[in-house]
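Report on one structure; see the data block that follows.
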Amino acid sequence: MLPLLLCSCSNDDETTATSADDRLNLNISWNGKQYTVPCSLDKNGNLRYWNEEFNEVYDKEIAKYDGKSLVTYVTGNNSFTYYSSLDAMMKDLGLRFIDQYTYVDGTDKAATRTVASSAVAGRVTMWKYTDYTGTVLSHVTWYTSSYWNPRLSTLKYNDVAQSVRVISNIPLDDEVYVNFSDVEFKYNEGYYSSNPPTGSNKYSTNRLRVVFLAYQNTNYGGNMLCIIPENSNYKQYDLSNWGWHKKISSDVIRIAVENLYTEEH
């Protein structure tokens, strides 16, 4: 499959020289504009952009987030969108994680979710090698919980994965119930609901999404790679082509819902 990248730009003398034939054109979006950028990897596996216009954009606008909070949201086999932070991505996509929100009193509490069954909502499998072979690490998330691993080193898998598959088991045209126990709360972005949901609220599963987040550092630090498969489907990638091979140190699987905070569910 064609590659995607989430890595820093490198323009120093250590960058491995490549010919034009060795470069792949990636469609990179940033702040609503799309760039077609010939790219290659340096000897450290970091992305180099062979496009003067995008290099200027990177240096002036993107570099300050790289290594700190930069998110690469995969949008196709050879395309992705950069976001300055996870919050910026979620807001732009119209998604909201349904396992946590902030109340007006500032206390973080979890929303209680109930579904008709305890079926697995999503699964992530990573392999040691780029061809989906070698040592395997697999973990799942249910509708009623999220998966968090701040240190893949505890599973002897820090900086190991070179290929990944993200599966959504969320069915189409079904329903899920989200149970809110408190009436008054505010959203993390500062939005207030004129009619906040109370009690048990029914949502179409067509609005739910499995969200996989891979982090370059332990404890969910550094750059993030985000993969969101379509429901009842999957996405899989060779991480070496993106500059993400042997770079995942912590990861999360969560369930998000489209336009959660509206009066019409």
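In the structure tokens, chains take letters A, B, ... by order of appearance, with residues numbered from 1 within each chain and ligands from 1 in the order shown.
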
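Excluding range 150-154 of chain A itself and any same-chain residue fewer than 2 positions from it, the protein and nucleic acid residues within 7 Å of it, counting only C-alpha atoms, are A:Trp148, A:Lys156, A:Tyr157, A:Asn158, A:Thr218, A:Asn219, A:Tyr220, A:Ser249, A:Ser250, A:Asp251.
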
Exercise: range 163-169 of chain A partners within 7 Å, only C-alpha atoms, chain neighbours under 5 positions left out, as a ChimeraX atom specification:
/A:120-132,210,229-239

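Once range 59-65 of chain A and its same-chain neighbours fewer than 4 positions away are set aside, A:Ser69, A:Leu70, A:Ser84 remain within 6 Å of it when counting only C-alpha atoms.
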
Would you kindly return, as a VMD selection string, each protein, DNA or RNA residue with an atom no farther than 12 Å from any atom of Ala88 in chain A, considering only C-alpha atoms and excluding same-chain residues fewer than 5 positions away?
chain A and resid 30 to 31 69 to 73 81 to 83 93 to 96 188 to 189

Backbone DSSP call of alpha helix (DSSP H) for range 41-112 of chain A, listed as a ChimeraX atom specification:
/A:52-57,86-93

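The smallest atom-to-atom distance between Val140 in chain A and any of A:Val211, A:Leu41, A:Tyr49, A:His245, using only C-alpha atoms, is found for A:Val211.
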
CA of Trp142 in chain A and CA of Cys226 in chain A are how many Å apart?
18.5 Å

Students should find that CA of Asn51 in chain A and CA of Leu225 in chain A are spaced 22.4 Å
